[in-house]
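What's in target13.txt: compact mmCIF, C-alpha atoms
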```txt
# COMPACT_ATOMS: atom_id res chain seq x y z
CA MET U 170 67.63 66.84 -4.58
CA ASP U 171 64.48 66.00 -6.57
CA ALA U 172 62.83 62.59 -6.38
CA TRP U 173 63.81 61.68 -9.93
CA GLU U 174 67.46 62.50 -9.13
CA ARG U 175 67.43 60.36 -5.99
CA SER U 176 66.12 57.39 -7.95
CA TYR U 177 69.29 57.50 -10.05
CA ALA U 178 71.80 58.61 -7.38
CA ASP U 179 70.70 56.28 -4.58
CA GLU U 180 69.56 53.18 -6.42
CA ARG U 181 72.20 53.28 -9.19
CA SER U 182 69.75 51.41 -11.38
CA TRP U 183 72.24 50.97 -14.23
CA GLU U 184 74.26 48.60 -12.04
CA SER U 185 71.34 46.17 -11.74
CA LEU U 186 71.46 45.22 -15.43
CA GLN U 187 73.24 42.31 -17.06
CA GLU U 188 73.53 41.07 -20.62
CA ASP U 189 71.86 37.78 -21.46
CA GLU U 190 72.90 35.23 -24.07
CA SER U 191 71.00 37.06 -26.83
CA GLY U 192 72.71 40.39 -26.13
CA LEU U 193 69.71 42.03 -24.44
CA LEU U 194 69.92 43.90 -21.14
CA ARG U 195 67.88 42.33 -18.38
CA PRO U 196 67.63 43.15 -14.65
CA ILE U 197 69.73 41.03 -12.31
CA ASP U 198 66.96 41.12 -9.72
CA SER U 199 63.70 40.36 -11.52
CA THR U 200 61.55 40.69 -8.38
CA ILE U 201 59.76 43.81 -9.61
CA LEU U 202 59.14 42.27 -13.02
CA ASN U 203 57.86 39.03 -11.49
CA HIS U 204 55.63 41.02 -9.15
CA SER U 205 54.08 42.93 -12.07
CA HIS U 206 53.46 39.62 -13.89
CA TYR U 207 51.88 38.23 -10.71
CA ARG U 208 49.57 41.24 -10.33
CA ARG U 209 48.54 40.98 -13.98
CA ARG U 210 47.87 37.25 -13.51
CA LEU U 211 45.68 37.91 -10.44
CA ARG U 212 43.69 40.49 -12.40
CA SER U 213 43.20 38.06 -15.29
CA ILE U 214 42.07 35.29 -12.91
CA SER U 215 39.57 37.58 -11.17
CA SER U 216 38.23 38.84 -14.50
CA THR U 217 37.89 35.27 -15.79
CA GLU U 218 36.01 34.13 -12.69
CA THR U 219 33.53 37.00 -12.94
CA ALA U 220 33.24 37.07 -16.76
CA ALA U 221 30.25 34.75 -16.72
CA ARG U 222 28.34 37.08 -14.39
CA ILE U 223 29.36 40.53 -15.66
CA GLN U 224 28.32 42.14 -18.90
CA LYS U 225 30.98 44.25 -20.60
CA GLY U 226 30.71 46.95 -23.22
CA LEU U 227 32.38 45.79 -26.41
CA ILE U 228 31.50 48.90 -28.45
CA ARG U 229 32.98 51.81 -26.53
CA TYR U 230 33.07 55.50 -27.37
CA LEU U 231 35.84 57.07 -25.32
CA TYR U 232 36.98 60.69 -25.15
CA ILE U 233 40.44 61.24 -23.64
CA VAL U 234 40.69 64.69 -22.05
CA LEU U 235 44.26 65.91 -21.59
CA ASP U 236 45.01 68.70 -19.13
CA PHE U 237 47.56 70.89 -20.92
CA SER U 238 47.28 73.82 -18.53
CA ARG U 239 50.37 75.42 -17.01
CA ALA U 240 50.40 72.61 -14.42
CA ALA U 241 51.33 70.20 -17.22
CA GLY U 242 54.65 72.00 -17.55
CA GLU U 243 55.78 70.95 -14.06
CA MET U 244 58.97 68.89 -14.09
CA ASP U 245 58.32 66.41 -11.26
CA PHE U 246 57.82 63.89 -14.10
CA ARG U 247 60.88 64.07 -16.35
CA PRO U 248 61.19 65.87 -18.71
CA SER U 249 57.71 67.29 -17.97
CA ARG U 250 54.24 66.07 -17.11
CA MET U 251 53.02 66.91 -20.61
CA ALA U 252 55.76 64.89 -22.35
CA VAL U 253 55.24 61.88 -20.07
CA VAL U 254 51.47 61.99 -20.54
CA ALA U 255 51.84 62.19 -24.34
CA LYS U 256 54.17 59.19 -24.38
CA HIS U 257 51.91 57.01 -22.24
CA VAL U 258 48.71 58.12 -23.99
CA GLU U 259 50.30 57.00 -27.26
CA ALA U 260 50.89 53.54 -25.76
CA PHE U 261 47.36 53.53 -24.32
CA ILE U 262 45.76 54.33 -27.69
CA LYS U 263 47.55 51.41 -29.34
CA GLU U 264 46.60 49.04 -26.52
CA PHE U 265 43.01 50.31 -26.50
CA PHE U 266 42.42 49.49 -30.17
CA ASP U 267 44.13 46.14 -29.74
CA GLN U 268 41.74 45.28 -26.89
CA ASN U 269 38.66 47.01 -28.39
CA PRO U 270 38.75 46.75 -32.20
CA LEU U 271 35.11 47.84 -32.54
CA SER U 272 35.47 50.95 -30.37
CA GLN U 273 36.36 54.57 -31.15
CA ILE U 274 38.44 57.25 -29.44
CA GLY U 275 38.41 61.05 -29.55
CA LEU U 276 40.99 63.46 -28.09
CA LEU U 277 40.30 66.73 -26.26
CA ILE U 278 42.85 69.11 -24.75
CA VAL U 279 42.10 71.77 -22.17
CA LYS U 280 44.23 74.88 -21.68
CA ASP U 281 43.56 78.57 -20.98
CA GLY U 282 40.22 77.45 -19.54
CA ILE U 283 39.02 76.37 -23.01
CA VAL U 284 38.56 72.83 -24.33
CA HIS U 285 39.76 72.13 -27.87
CA CYS U 286 38.70 69.11 -29.92
CA LEU U 287 41.91 67.57 -31.20
CA THR U 288 40.34 64.61 -33.02
CA ASP U 289 36.79 63.41 -33.52
CA LEU U 290 35.69 59.90 -32.63
CA GLY U 291 37.50 57.47 -34.90
CA GLY U 292 39.15 54.08 -35.11
CA SER U 293 42.56 55.03 -36.48
CA PRO U 294 45.31 55.06 -33.82
CA GLU U 295 47.80 56.67 -36.23
CA SER U 296 45.64 59.76 -36.82
CA HIS U 297 45.09 60.27 -33.07
CA ILE U 298 48.78 59.93 -32.25
CA LYS U 299 49.83 62.25 -35.08
CA ALA U 300 47.37 64.94 -33.96
CA LEU U 301 48.48 64.62 -30.33
CA MET U 302 52.19 64.94 -31.04
CA SER U 303 51.60 68.08 -33.11
CA ARG U 304 49.89 69.99 -30.26
CA LEU U 305 52.23 69.63 -27.27
CA GLU U 306 51.81 73.09 -25.76
CA CYS U 307 50.65 74.01 -22.26
CA SER U 308 49.33 77.31 -20.88
CA GLY U 309 46.67 78.85 -18.66
CA ASP U 310 44.22 77.13 -16.33
CA ALA U 311 42.23 73.91 -16.56
CA SER U 312 38.44 73.68 -16.53
CA LEU U 313 36.68 70.47 -15.56
CA GLN U 314 33.23 71.89 -16.21
CA ASN U 315 34.02 72.95 -19.78
CA SER U 316 35.60 69.53 -20.38
CA LEU U 317 32.53 67.67 -19.15
CA GLU U 318 30.18 69.95 -21.08
CA LEU U 319 31.96 69.26 -24.37
CA VAL U 320 32.19 65.52 -23.66
CA ASN U 321 28.48 65.45 -22.86
CA SER U 322 27.56 67.32 -26.05
CA TYR U 323 29.50 64.81 -28.16
CA LEU U 324 28.62 61.56 -26.40
CA SER U 325 24.92 62.30 -25.90
CA GLN U 326 24.47 61.69 -29.65
CA ILE U 327 25.95 58.18 -29.45
CA PRO U 328 23.47 55.30 -30.06
CA SER U 329 22.15 53.49 -27.00
CA TYR U 330 24.19 50.34 -27.69
CA GLY U 331 27.47 52.28 -27.37
CA HIS U 332 29.12 52.61 -23.99
CA ARG U 333 29.98 56.27 -23.34
CA GLU U 334 33.16 56.96 -21.44
CA ALA U 335 35.51 59.83 -20.65
CA LEU U 336 39.06 59.47 -19.35
CA ILE U 337 40.53 62.68 -17.94
CA ILE U 338 44.28 62.92 -17.28
CA TYR U 339 44.45 65.84 -14.86
CA SER U 340 47.58 67.72 -13.79
CA ALA U 341 46.12 70.76 -12.01
CA LEU U 342 45.04 71.08 -8.39
CA SER U 343 42.15 73.45 -9.19
CA THR U 344 39.55 74.07 -11.86
CA CYS U 345 38.43 77.40 -13.36
CA ASP U 346 34.74 76.95 -14.22
CA PRO U 347 32.20 79.44 -15.63
CA GLY U 348 29.20 77.98 -13.81
CA ASP U 349 27.91 75.30 -11.44
CA ILE U 350 29.90 72.13 -12.11
CA MET U 351 27.44 70.06 -10.04
CA GLU U 352 24.75 70.60 -12.70
CA THR U 353 27.20 69.47 -15.38
CA ILE U 354 27.99 66.31 -13.41
CA GLN U 355 24.28 65.49 -13.24
CA LYS U 356 24.01 66.01 -17.01
CA CYS U 357 26.79 63.49 -17.58
CA LYS U 358 25.15 61.08 -15.16
CA SER U 359 21.78 61.34 -16.91
CA SER U 360 23.53 60.85 -20.28
CA LYS U 361 25.07 57.60 -18.92
CA ILE U 362 28.65 58.81 -19.36
CA ARG U 363 31.22 57.01 -17.24
CA CYS U 364 33.93 59.50 -16.22
CA SER U 365 37.30 58.32 -14.89
CA ILE U 366 40.19 60.54 -13.84
CA VAL U 367 43.91 59.87 -13.46
CA GLY U 368 45.60 62.62 -11.45
CA LEU U 369 49.25 63.60 -11.59
CA ALA U 370 49.26 65.65 -8.38
CA ALA U 371 47.41 65.36 -5.05
CA GLU U 372 43.86 64.09 -4.68
CA VAL U 373 41.19 66.70 -5.48
CA PHE U 374 37.69 66.44 -4.00
CA ILE U 375 35.76 67.47 -7.11
CA CYS U 376 37.60 64.86 -9.21
CA LYS U 377 36.68 62.14 -6.75
CA HIS U 378 33.07 63.37 -6.67
CA ILE U 379 32.81 63.26 -10.48
CA CYS U 380 33.98 59.64 -10.57
CA GLN U 381 31.71 58.56 -7.74
CA GLU U 382 28.64 60.13 -9.34
CA THR U 383 29.24 58.72 -12.82
CA GLY U 384 30.52 55.26 -11.85
CA GLY U 385 34.12 55.82 -12.91
CA SER U 386 37.42 55.39 -11.08
CA TYR U 387 39.79 57.99 -9.63
CA SER U 388 43.46 57.30 -9.05
CA ILE U 389 46.70 59.22 -8.51
CA ALA U 390 49.90 58.34 -10.36
CA LEU U 391 52.95 58.04 -8.12
CA ASP U 392 55.55 57.86 -10.90
CA GLN U 393 55.86 57.18 -14.60
CA GLY U 394 55.57 53.41 -14.27
CA HIS U 395 52.49 53.75 -12.08
CA LEU U 396 50.93 56.20 -14.56
CA LYS U 397 51.38 53.68 -17.36
CA GLU U 398 49.74 50.94 -15.27
CA LEU U 399 46.79 53.18 -14.38
CA LEU U 400 46.19 54.13 -18.01
CA LEU U 401 46.45 50.57 -19.32
CA ASP U 402 43.93 49.45 -16.70
CA HIS U 403 41.34 51.42 -18.72
CA ALA U 404 42.10 49.53 -21.95
CA PRO U 405 39.97 46.40 -21.27
CA PRO U 406 36.22 47.09 -21.35
CA PRO U 407 34.87 47.86 -17.86
CA PRO U 408 31.78 46.15 -16.41
CA ALA U 409 28.59 47.70 -17.68
CA ILE U 410 26.48 49.60 -15.14
CA ALA U 411 23.42 47.50 -14.27
CA GLU U 412 20.70 49.95 -15.30
CA TYR U 413 22.51 50.78 -18.54
CA ALA U 414 23.31 47.18 -19.58
CA ILE U 415 20.50 46.70 -22.10
CA ALA U 416 20.93 44.11 -24.85
CA ASN U 417 20.58 45.49 -28.37
CA LEU U 418 20.71 44.07 -31.87
CA ILE U 419 23.08 46.11 -34.03
CA LYS U 420 23.09 46.28 -37.81
CA MET U 421 26.61 45.93 -39.17
CA GLY U 422 27.99 45.94 -42.67
CA PHE U 423 31.06 44.09 -43.91
CA PRO U 424 32.40 46.20 -46.78
CA GLN U 425 34.66 44.89 -49.51
CA ARG U 426 38.04 46.42 -50.14
CA SER U 427 38.19 48.44 -53.34
CA ALA U 428 40.59 47.49 -56.08
CA GLU U 429 44.08 48.97 -55.75
CA GLY U 430 44.75 51.84 -58.12
CA VAL U 431 41.09 52.89 -58.33
CA MET U 432 40.62 56.48 -57.13
CA ALA U 433 37.40 57.73 -55.55
CA ILE U 434 36.24 60.44 -53.15
CA CYS U 435 35.99 59.13 -49.57
CA SER U 436 32.98 60.20 -47.53
CA CYS U 437 35.01 60.72 -44.34
CA HIS U 438 37.64 63.21 -45.57
CA LYS U 439 35.90 64.49 -48.74
CA GLU U 440 39.12 63.86 -50.64
CA ALA U 441 40.07 61.76 -53.65
CA LYS U 442 42.02 58.72 -52.42
CA VAL U 443 43.22 55.41 -53.79
CA GLY U 444 41.81 52.21 -52.27
CA GLY U 445 39.47 52.11 -49.30
CA TYR U 446 36.23 50.23 -48.64
CA SER U 447 32.74 50.44 -50.16
CA CYS U 448 29.67 50.49 -47.92
CA PRO U 449 27.49 47.46 -48.79
CA ARG U 450 24.29 49.50 -48.38
CA CYS U 451 24.93 52.84 -50.15
CA LYS U 452 28.27 52.11 -51.89
CA ALA U 453 29.92 55.15 -50.30
CA ARG U 454 33.71 54.98 -49.98
CA VAL U 455 35.43 55.01 -46.55
CA CYS U 456 39.15 54.99 -45.78
CA GLU U 457 39.42 52.65 -42.81
CA LEU U 458 37.56 50.22 -40.57
CA PRO U 459 35.84 50.16 -38.15
CA THR U 460 33.80 53.29 -38.76
CA GLU U 461 30.27 54.52 -39.34
CA CYS U 462 29.14 55.33 -42.86
CA ARG U 463 28.69 59.09 -43.16
CA ILE U 464 25.91 58.64 -45.75
CA CYS U 465 23.60 55.91 -44.40
CA GLY U 466 24.86 55.54 -40.81
CA LEU U 467 25.59 51.81 -41.07
CA THR U 468 28.32 50.50 -38.74
CA LEU U 469 31.11 49.13 -40.91
CA VAL U 470 33.48 46.48 -39.53
CA SER U 471 35.55 43.57 -40.75
CA SER U 472 35.14 39.98 -39.57
CA PRO U 473 38.57 39.95 -37.79
CA HIS U 474 37.47 42.95 -35.73
CA LEU U 475 34.38 41.06 -34.61
CA ALA U 476 36.35 37.90 -33.84
CA ARG U 477 38.97 39.77 -31.80
CA SER U 478 36.24 41.18 -29.55
CA TYR U 479 35.17 37.69 -28.50
CA HIS U 480 38.07 37.15 -26.11
CA HIS U 481 36.29 39.45 -23.63
CA LEU U 482 33.14 37.33 -23.88
CA PHE U 483 34.94 33.97 -23.71
CA PRO U 484 38.23 34.54 -21.87
CA ILE U 485 40.92 31.86 -21.76
CA THR U 486 40.93 29.62 -18.71
CA PRO U 487 43.77 30.73 -16.40
CA PHE U 488 46.94 28.62 -16.31
CA ASN U 489 48.33 27.17 -13.08
CA GLU U 490 52.02 27.74 -12.34
CA VAL U 491 54.13 24.56 -12.11
CA SER U 492 57.40 24.53 -10.16
CA ALA U 493 60.58 23.24 -11.83
CA SER U 494 61.02 20.53 -9.18
CA SER U 495 57.57 19.03 -9.68
CA LEU U 496 58.10 19.23 -13.43
CA SER U 497 61.34 17.21 -13.25
CA LYS U 498 59.73 14.60 -11.00
CA SER U 499 56.80 14.11 -13.36
CA SER U 500 58.89 14.26 -16.55
CA GLN U 501 58.12 10.61 -17.27
CA ARG U 502 54.43 11.20 -17.80
CA SER U 503 54.46 14.92 -18.73
CA PRO U 504 55.12 16.36 -22.19
CA GLN U 505 58.74 17.33 -22.77
CA LYS U 506 58.07 20.37 -24.96
CA CYS U 507 56.05 23.54 -24.64
CA PHE U 508 52.73 23.33 -26.44
CA GLY U 509 53.13 26.82 -27.92
CA CYS U 510 56.79 27.29 -28.92
CA GLN U 511 58.00 23.64 -28.84
CA GLN U 512 60.96 24.55 -26.64
CA ASN U 513 62.30 22.13 -24.05
CA LEU U 514 60.41 22.53 -20.79
CA LEU U 515 63.63 22.08 -18.80
CA ASN U 516 64.83 25.47 -20.08
CA PRO U 517 64.91 28.25 -17.45
CA GLY U 518 61.64 30.11 -17.14
CA LYS U 519 58.20 29.87 -15.60
CA HIS U 520 55.99 26.90 -16.46
CA TYR U 521 52.20 26.97 -16.53
CA HIS U 522 49.68 24.17 -16.91
CA LEU U 523 46.21 24.41 -18.44
CA GLU U 524 44.22 21.57 -16.88
CA GLU U 525 41.26 21.81 -19.22
CA TYR U 526 43.37 20.90 -22.26
CA ASP U 527 46.19 19.12 -20.39
CA PHE U 528 49.18 20.88 -21.92
CA LEU U 529 52.17 22.78 -20.55
CA SER U 530 53.43 26.18 -21.63
CA LEU U 531 56.81 27.84 -21.08
CA VAL U 532 57.12 31.55 -20.29
CA SER U 533 60.68 32.91 -20.19
CA ILE U 534 61.30 35.85 -17.83
```
Output the file's structure as structure tokens, nothing else.
Amino acid sequence: MDAWERSYADERSWESLQEDESGLLRPIDSTILNHSHYRRRLRSISSTETAARIQKGLIRYLYIVLDFSRAAGEMDFRPSRMAVVAKHVEAFIKEFFDQNPLSQIGLLIVKDGIVHCLTDLGGSPESHIKALMSRLECSGDASLQNSLELVNSYLSQIPSYGHREALIIYSALSTCDPGDIMETIQKCKSSKIRCSIVGLAAEVFICKHICQETGGSYSIALDQGHLKELLLDHAPPPPAIAEYAIANLIKMGFPQRSAEGVMAICSCHKEAKVGGYSCPRCKARVCELPTECRICGLTLVSSPHLARSYHHLFPITPFNEVSASSLSKSSQRSPQKCFGCQQNLLNPGKHYHLEEYDFLSLVSI
């Protein structure tokens, strides 16, 4: 019996669900859920404590390399590794742009020993997801060297203020390379490209070596839930490498949205489209923000994008958990309602206190 079958036959996970008062299904035993919340809270506390000392890259250029070789057709992840990877990469892309509104992503797929560029660097999650879902085919062998060579050729043209990263989701246990991969690793290192790998099979030495040389991280997914956690760990901006963390002043433009119903040719797709934004420097039309003007090279953003990036620079002070017993004892001098949702604090759920602003918040689990 396969591992995925045992998880259903032995644990009988459907019996651990119950319906709450709103009609939603929730686990009877919420230990796993509470543990995941606890781990996330510890990570947020550690990141907050070190935020004042660590510089992070807010403008990231990330290429996601997907291994769609024949190994991606294995069915140890149901229904297949390829389908599971596509589903979780879709969630990762959405989370990435939510955490990094000024950054850009590109997609590469490797199969038959050849790397194909699925999408160029861009800031539209919908276009990346649409392109990914239309190319779910696996065949042939994987090639780490060809993947790194193509990533290096693309990211070496990125301006110095951009943080260059590659995230490889690797299913195979071998790599079919045309030359010396060690030279390619040194090229990526000299180009300041941070390479991280998430493996779906056993640990491979060359994958670990790539991550060690370029300052990335290497991890192996144990199951679908673990794979999702590992991918989402790459969504927040990582600490900048010391010798690469150079402060730069960046010219940015804040374009105005064009009037609805006015048609013009966009500079990004070379097509006539309605709406869009006009570059404040050269008046060229672009479809979406953030992006880089294809005519004058000016970085185009909106003020909300810039504001949403600040939470990495000035993170929220962590809350302290308050037990229900201490809350009931101090109910005389404590607020009776949650500061955020105005619900009664005696309702079931976890309670947290922010000492700096002296208010209580309710989190229902």
Handout entry: Nearest candidate to Asp349 in chain U (options U:Asn321, U:Ser191, U:Asn315, U:Thr383; using only C-alpha atoms)
Key = U:Asn315
Problem - Near-range 286-289 of chain U list (12 Å; only C-alpha atoms; drop same-chain fewer than 6 positions) as a ChimeraX atom specification - result: /U:230-235,273-280,295-305,315-316,319-320,322-324,437,460
Exercise for the section: Rank U:Asp189, U:Glu398, U:Asp346, U:Glu334 by their smallest atom-to-atom distance to His257 in chain U, using only C-alpha atoms, and report the top residue only. Expected result: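 Looking at the shortest contact to His257 in chain U, the residue is U:Glu398.
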Wanna dump the range 236-284 of chain U-range 367-382 of chain U contacts at 9 Å for me, each residue with its shortest atom pair and the distance in Å to one decimal, counting only C-alpha atoms, ordered by chain and number, as a tab-separated table?
```
residue	atom	partner	partner_atom	distance
U:Ala241	CA	U:Leu369	CA	8.9
U:Phe246	CA	U:Leu369	CA	8.9
U:Arg250	CA	U:Leu369	CA	7.8
```
Practice task
Check the smallest atom-to-atom distance from each of U:Gly422, U:Pro406, U:Gly385, U:Pro294 to Tyr479 in chain U using all atoms listed in the file, then report the winner.
Solution key: U:Pro406
Practice task
Between U:Leu271, U:Met251, U:Ala453, U:Ala335, single out the one closest to His403 in chain U, counting all atoms listed in the file.
Solution key: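 With all atoms listed in the file as the atom set, the closest residue is U:Ala335.
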